[in-house]
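The structure appears right after this line, and notes come after that.
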Amino acid sequence: MEKISYKEIGLVTTKEMFQKAVAGGYAIPAYNFNNMEQLQAIVLGCVESQSPFILQVSSGARKYANQTLLRFMAMGAVAMIKEAGSNVKFALHLDHGDTFDLCKSCIDSGFSSVMIDGSHHKYDENVALTKKVVEYAHANGVVVEGELGVLAGIEDDVEAAKSIYTQPDEVEDFVKKTNVDSLAISIGTSHGAYKFTPAQCTRNEKGVLEPPPLRFDILEEIEKRIPGFPIVLHGASSVVPEYVDIINKCGGALKDAVGIPTEQLRRAARSAVCKINIDSDGRLAITAMIRKVFTENPGEFDPRKYLGPAREELKKMIIYKNKEVLGSAGKA
Ligand code: G3H
Ligand code: 13P
Ligand code: ZN
């Protein structure tokens with residue numbers, strides 16, 4: 001594939017977005033996408049709410065949708081925004097890059113931002129890998145997100161089921177040695193729809209699971225060590241209870257799914273956290289609407305009739321998140 005710079009495509013990096021977000025006490029949304037309907041919902045939702053955004057692509061998404069097609073879809077999004085007469089800017093970001101080669105491939109094919117997730121490596125190896133990616137990225141004007149600390153997932157084995165929180169003592173050294181542009185941290189969030197086991201939660205009087213609070217004390221310690229430095233929160237879906245309810249009422253089986261309460265995300269967005277990653281909530285919005293259509297009209301077989309409502313709901317959710325949770329609406 002011929003090398004192309006994000007600048008030729010009309011994308012921006014996260015540099016200016018993050019500076020403004022940290023100063024303004026809000027966070028930039030990073031929405032994952034794998035298909036056309038998700039892309040349309042993200043673009044239209046962010047244009048309507050006048051929010052800068054990060055279009056996020058995982059290596060799984062690249063495999064699912066084809067890496068070349070995804071890149072052209074991002075180019076299409078730039079054109080679509082322009083045609084709508086909007087000045088909303090976005091970055092195209094690799095989510096959870098795990099090797100130098102993957103990051104390089106994305107940089108060479110027009111991404112404006114990459115994440116190198118070396119968090120599962122030993123500290124020194126994470127530093128060396130991140131530094132190598134940063135050197136290549138910066139030579140191409142691209143920005144890099146690194147990660148320190150490991151997010152738990154309850155699907156992991158017992159040992160990894162506990163978060164390994166970011167150690168505030170390491171962050172200054174890591175940022176200095178790697179020259180990374182932003183840092184993902186672990187303060188109690190995790191990926192997916194099952195962020196906490198029922199045993200980790202308490203049940204309120206209505207029987208609803210309430211998760212343990214995020215470790216804002218660790219976040220504050222980190223902020224003291226690297227004041228004003230852009231911090232990223234992964235695993236930040238709320239696992240919107242309304243969607244989980246619709247899914248379960250319409251034949252689904254999402255038992256005890258639980259996410260990060262909106263109030264805690266708002267608090268994070270007001271801090272040095274300037275990028276909040278959301279994937280699972282989008283998946284839930286889509287699944288809820290598709291299940292609803294099929295339950296109400298089992299004879300439906302035109303994909304537009306179920307993907308359309310799913311896309312509309314995702315757009316609504318994005319506008320809500322930008323306005324009420326991240327505070328990025330109106331900041332384009
Ligand atoms: O953090 C991971 C994102 O939710 C992407 O998930 O690897 O299944 O595309 P994926
Ligand atoms: P969620 O699973 O909470 O949406 O997190 C997504 C994420 O962190 C993508 O990198
Ligand atoms: Zn993530």
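How things are named: the first chain in the structure tokens is A, the next is B, and so on; residues count from 1 in each chain; ligands count from 1 in the order shown.
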Close residues, Ala272 in chain A itself excluded, 8 Å, only C-alpha atoms, min 2 positions apart in chain, as a VMD selection string:
chain A and resid 22 25 223 228 to 231 268 to 270 274
Please produce an output containing C-alpha atoms for each residue in the selection, written as a PDB file, in the first residue's frame.
ATOM      1  CA  VAL A  22      -7.507  19.538  29.806  1.00  0.00           C
ATOM      2  CA  GLY A  25     -12.365  20.428  32.047  1.00  0.00           C
ATOM      3  CA  GLU A 223      -1.988  14.371  38.159  1.00  0.00           C
ATOM      4  CA  GLY A 228      -1.656  18.931  32.827  1.00  0.00           C
ATOM      5  CA  PHE A 229      -0.509  15.799  30.991  1.00  0.00           C
ATOM      6  CA  PRO A 230      -3.298  14.188  28.898  1.00  0.00           C
ATOM      7  CA  ILE A 231      -4.720  11.102  30.642  1.00  0.00           C
ATOM      8  CA  ALA A 268     -13.145  11.982  35.391  1.00  0.00           C
ATOM      9  CA  ALA A 269     -13.892  14.235  32.405  1.00  0.00           C
ATOM     10  CA  ARG A 270     -13.472  17.334  34.589  1.00  0.00           C
ATOM     11  CA  CYS A 274      -9.110  14.158  28.341  1.00  0.00           C
TER      12      CYS A 274
END
Counting only C-alpha atoms and all ligand atoms, give me one row per residue of chain A with an atom at most 7 Å from an atom of ligand 2, showing the shortest contact pair and its distance in Å to one decimal, sorted by chain then residue number, as a Markdown table.
| residue | atom | partner | partner_atom_place_in_ligand_line | distance |
| --- | --- | --- | --- | --- |
| A:Asn32 | CA | ligand 2 | 9 (C) | 6.7 |
| A:Asp95 | CA | ligand 2 | 10 (O) | 5.6 |
| A:His96 | CA | ligand 2 | 10 (O) | 6.4 |
| A:Ser190 | CA | ligand 2 | 3 (O) | 6.2 |
| A:His191 | CA | ligand 2 | 2 (O) | 3.8 |
| A:Gly192 | CA | ligand 2 | 2 (O) | 3.7 |
| A:Ala193 | CA | ligand 2 | 2 (O) | 6.4 |
| A:His234 | CA | ligand 2 | 8 (O) | 3.5 |
| A:Gly235 | CA | ligand 2 | 3 (O) | 3.2 |
| A:Ala236 | CA | ligand 2 | 3 (O) | 4.1 |
| A:Ser237 | CA | ligand 2 | 3 (O) | 3.7 |
| A:Asn277 | CA | ligand 2 | 7 (C) | 4.7 |
| A:Ile278 | CA | ligand 2 | 4 (O) | 3.8 |
| A:Asp279 | CA | ligand 2 | 4 (O) | 3.4 |
| A:Ser280 | CA | ligand 2 | 4 (O) | 3.7 |
| A:Asp281 | CA | ligand 2 | 4 (O) | 5.8 |
Find, counting only C-alpha atoms and all ligand atoms, the residue in A:Thr189, A:Thr68, A:Gln50, A:Ser109 that gets nearest to ligand 1.
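Smallest distance to ligand 1 is found for A:Thr189.
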For Tyr6 in chain A, please output as a PDB file with N, CA, C and O atoms, in the first residue's frame all residues within 12 Å (counting only C-alpha atoms; exclusion window: fewer than 6 positions along the same chain).
ATOM      1  N   VAL A  12      -6.842  15.367  11.818  1.00  0.00           N
ATOM      2  CA  VAL A  12      -5.980  16.114  12.739  1.00  0.00           C
ATOM      3  C   VAL A  12      -5.444  15.140  13.787  1.00  0.00           C
ATOM      4  O   VAL A  12      -5.975  14.046  13.955  1.00  0.00           O
ATOM      5  N   THR A  13      -4.397  15.568  14.511  1.00  0.00           N
ATOM      6  CA  THR A  13      -3.937  14.760  15.643  1.00  0.00           C
ATOM      7  C   THR A  13      -4.765  15.167  16.873  1.00  0.00           C
ATOM      8  O   THR A  13      -5.631  16.053  16.790  1.00  0.00           O
ATOM      9  N   ARG A  71      -9.908   2.603   6.188  1.00  0.00           N
ATOM     10  CA  ARG A  71      -9.216   3.875   5.974  1.00  0.00           C
ATOM     11  C   ARG A  71     -10.002   4.745   4.983  1.00  0.00           C
ATOM     12  O   ARG A  71     -10.168   5.943   5.173  1.00  0.00           O
ATOM     13  N   PHE A  72     -10.504   4.128   3.932  1.00  0.00           N
ATOM     14  CA  PHE A  72     -11.288   4.905   2.966  1.00  0.00           C
ATOM     15  C   PHE A  72     -12.602   5.390   3.582  1.00  0.00           C
ATOM     16  O   PHE A  72     -13.106   6.461   3.238  1.00  0.00           O
ATOM     17  N   ALA A  74     -12.867   6.320   6.656  1.00  0.00           N
ATOM     18  CA  ALA A  74     -12.480   7.512   7.430  1.00  0.00           C
ATOM     19  C   ALA A  74     -12.321   8.710   6.494  1.00  0.00           C
ATOM     20  O   ALA A  74     -12.739   9.835   6.820  1.00  0.00           O
ATOM     21  N   MET A  75     -11.749   8.454   5.315  1.00  0.00           N
ATOM     22  CA  MET A  75     -11.622   9.539   4.330  1.00  0.00           C
ATOM     23  C   MET A  75     -13.008  10.018   3.902  1.00  0.00           C
ATOM     24  O   MET A  75     -13.247  11.212   3.730  1.00  0.00           O
ATOM     25  N   VAL A  78     -14.448  12.415   6.378  1.00  0.00           N
ATOM     26  CA  VAL A  78     -13.939  13.793   6.247  1.00  0.00           C
ATOM     27  C   VAL A  78     -14.767  14.544   5.198  1.00  0.00           C
ATOM     28  O   VAL A  78     -15.215  15.678   5.427  1.00  0.00           O
ATOM     29  N   PHE A  90     -11.655  15.489  13.431  1.00  0.00           N
ATOM     30  CA  PHE A  90     -11.449  14.234  14.158  1.00  0.00           C
ATOM     31  C   PHE A  90     -10.092  13.609  13.857  1.00  0.00           C
ATOM     32  O   PHE A  90      -9.467  13.882  12.833  1.00  0.00           O
ATOM     33  N   ALA A  91      -9.671  12.777  14.808  1.00  0.00           N
ATOM     34  CA  ALA A  91      -8.431  12.017  14.663  1.00  0.00           C
ATOM     35  C   ALA A  91      -8.793  10.575  14.368  1.00  0.00           C
ATOM     36  O   ALA A  91      -9.808  10.074  14.852  1.00  0.00           O
ATOM     37  N   LEU A  92      -7.962   9.921  13.573  1.00  0.00           N
ATOM     38  CA  LEU A  92      -8.145   8.483  13.313  1.00  0.00           C
ATOM     39  C   LEU A  92      -7.081   7.765  14.140  1.00  0.00           C
ATOM     40  O   LEU A  92      -5.882   8.008  13.975  1.00  0.00           O
ATOM     41  N   HIS A  93      -7.556   6.914  15.046  1.00  0.00           N
ATOM     42  CA  HIS A  93      -6.671   6.377  16.095  1.00  0.00           C
ATOM     43  C   HIS A  93      -6.675   4.856  16.124  1.00  0.00           C
ATOM     44  O   HIS A  93      -7.748   4.227  16.064  1.00  0.00           O
ATOM     45  N   CYS A 106      -0.314   1.471  10.532  1.00  0.00           N
ATOM     46  CA  CYS A 106      -1.394   2.469  10.640  1.00  0.00           C
ATOM     47  C   CYS A 106      -0.891   3.872  10.334  1.00  0.00           C
ATOM     48  O   CYS A 106      -1.561   4.637   9.625  1.00  0.00           O
ATOM     49  N   ILE A 107       0.278   4.198  10.865  1.00  0.00           N
ATOM     50  CA  ILE A 107       0.858   5.527  10.604  1.00  0.00           C
ATOM     51  C   ILE A 107       1.061   5.709   9.093  1.00  0.00           C
ATOM     52  O   ILE A 107       0.721   6.739   8.517  1.00  0.00           O
ATOM     53  N   ASP A 108       1.573   4.660   8.464  1.00  0.00           N
ATOM     54  CA  ASP A 108       1.851   4.730   7.013  1.00  0.00           C
ATOM     55  C   ASP A 108       0.578   4.764   6.176  1.00  0.00           C
ATOM     56  O   ASP A 108       0.614   5.108   5.001  1.00  0.00           O
ATOM     57  N   SER A 109      -0.542   4.361   6.780  1.00  0.00           N
ATOM     58  CA  SER A 109      -1.764   4.340   5.963  1.00  0.00           C
ATOM     59  C   SER A 109      -2.743   5.449   6.359  1.00  0.00           C
ATOM     60  O   SER A 109      -3.924   5.381   6.036  1.00  0.00           O
ATOM     61  N   GLY A 110      -2.261   6.468   7.089  1.00  0.00           N
ATOM     62  CA  GLY A 110      -3.071   7.661   7.283  1.00  0.00           C
ATOM     63  C   GLY A 110      -3.680   7.869   8.659  1.00  0.00           C
ATOM     64  O   GLY A 110      -4.473   8.792   8.843  1.00  0.00           O
ATOM     65  N   PHE A 111      -3.316   7.047   9.634  1.00  0.00           N
ATOM     66  CA  PHE A 111      -3.806   7.305  10.995  1.00  0.00           C
ATOM     67  C   PHE A 111      -3.063   8.522  11.559  1.00  0.00           C
ATOM     68  O   PHE A 111      -1.879   8.713  11.290  1.00  0.00           O
ATOM     69  N   SER A 112      -3.760   9.319  12.356  1.00  0.00           N
ATOM     70  CA  SER A 112      -3.104  10.497  12.936  1.00  0.00           C
ATOM     71  C   SER A 112      -2.687  10.253  14.374  1.00  0.00           C
ATOM     72  O   SER A 112      -2.061  11.100  15.020  1.00  0.00           O
ATOM     73  N   SER A 113      -3.062   9.103  14.918  1.00  0.00           N
ATOM     74  CA  SER A 113      -2.783   8.791  16.321  1.00  0.00           C
ATOM     75  C   SER A 113      -2.755   7.274  16.485  1.00  0.00           C
ATOM     76  O   SER A 113      -3.565   6.571  15.872  1.00  0.00           O
ATOM     77  N   VAL A 114      -1.821   6.785  17.289  1.00  0.00           N
ATOM     78  CA  VAL A 114      -1.801   5.341  17.564  1.00  0.00           C
ATOM     79  C   VAL A 114      -1.624   5.107  19.054  1.00  0.00           C
ATOM     80  O   VAL A 114      -1.001   5.909  19.753  1.00  0.00           O
ATOM     81  N   ALA A 137       6.511   7.563  15.060  1.00  0.00           N
ATOM     82  CA  ALA A 137       5.287   8.369  14.936  1.00  0.00           C
ATOM     83  C   ALA A 137       5.625   9.855  14.842  1.00  0.00           C
ATOM     84  O   ALA A 137       5.147  10.552  13.938  1.00  0.00           O
ATOM     85  N   ASN A 140       6.747  11.302  11.781  1.00  0.00           N
ATOM     86  CA  ASN A 140       5.675  11.435  10.779  1.00  0.00           C
ATOM     87  C   ASN A 140       4.556  12.371  11.247  1.00  0.00           C
ATOM     88  O   ASN A 140       3.473  12.395  10.658  1.00  0.00           O
ATOM     89  N   GLY A 141       4.807  13.092  12.328  1.00  0.00           N
ATOM     90  CA  GLY A 141       3.820  14.062  12.840  1.00  0.00           C
ATOM     91  C   GLY A 141       2.625  13.422  13.532  1.00  0.00           C
ATOM     92  O   GLY A 141       1.604  14.077  13.769  1.00  0.00           O
ATOM     93  N   VAL A 142       2.749  12.121  13.862  1.00  0.00           N
ATOM     94  CA  VAL A 142       1.636  11.378  14.480  1.00  0.00           C
ATOM     95  C   VAL A 142       1.840  11.311  15.996  1.00  0.00           C
ATOM     96  O   VAL A 142       2.976  11.276  16.482  1.00  0.00           O
ATOM     97  N   VAL A 143       0.748  11.300  16.743  1.00  0.00           N
ATOM     98  CA  VAL A 143       0.844  11.258  18.211  1.00  0.00           C
ATOM     99  C   VAL A 143       0.620   9.835  18.733  1.00  0.00           C
ATOM    100  O   VAL A 143       0.003   9.000  18.069  1.00  0.00           O
TER     101      VAL A 143
END
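Each of A:Tyr243, A:Pro212, A:Phe196, A:Lys132 was checked against Thr178 in chain A using only C-alpha atoms; the smallest atom-to-atom distance is that of A:Lys132.
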Nearest to ligand 3 among A:Cys103, A:Ile222, A:Val273, A:Ala184, with distances taken over only C-alpha atoms and all ligand atoms: which residue is it?
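Once distances to ligand 3 are computed over only C-alpha atoms and all ligand atoms, the minimum belongs to A:Ala184.
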List every residue of range 132-332 of chain A that DSSP, applied to the backbone, labels as strand (DSSP E or B), and write the result as a VMD selection string.
chain A and resid 143 to 148 150 152 164 182 to 185 190 194 202 to 203 209 to 210 231 to 233 258 273 to 278
How close does each residue of range 172-278 of chain A get to range 292-301 of chain A, giving the shortest atom pair and distance in Å to one decimal for every residue with an atom at most 10 Å away, counting only C-alpha atoms, sorted by chain and residue number, as a Markdown table?
| residue | atom | partner | partner_atom | distance |
| --- | --- | --- | --- | --- |
| A:Ile246 | CA | A:Lys292 | CA | 7.1 |
| A:Ile247 | CA | A:Lys292 | CA | 7.6 |
| A:Lys249 | CA | A:Lys292 | CA | 8.7 |
| A:Cys250 | CA | A:Thr295 | CA | 6.0 |
| A:Gly251 | CA | A:Thr295 | CA | 8.0 |
Just the residues within 12 Å of Val88 in chain A, please, counting only C-alpha atoms, with nothing from its chain fewer than 6 positions along; format it as an NGL selection string.
:A and (10-12 or 17 or 42-54 or 77-82 or 328-332)
Mind checking which residues fall within 8 Å of Lys177 in chain A, counting only C-alpha atoms, ignoring those fewer than 2 positions away in the same chain, and posting them as a ChimeraX atom specification?
/A:127,131,173-175,179
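Interatomic distance, CA of Lys89 in chain A to atom 4 (O, counted along the ligand's line) of ligand 1: 22.3 Å.
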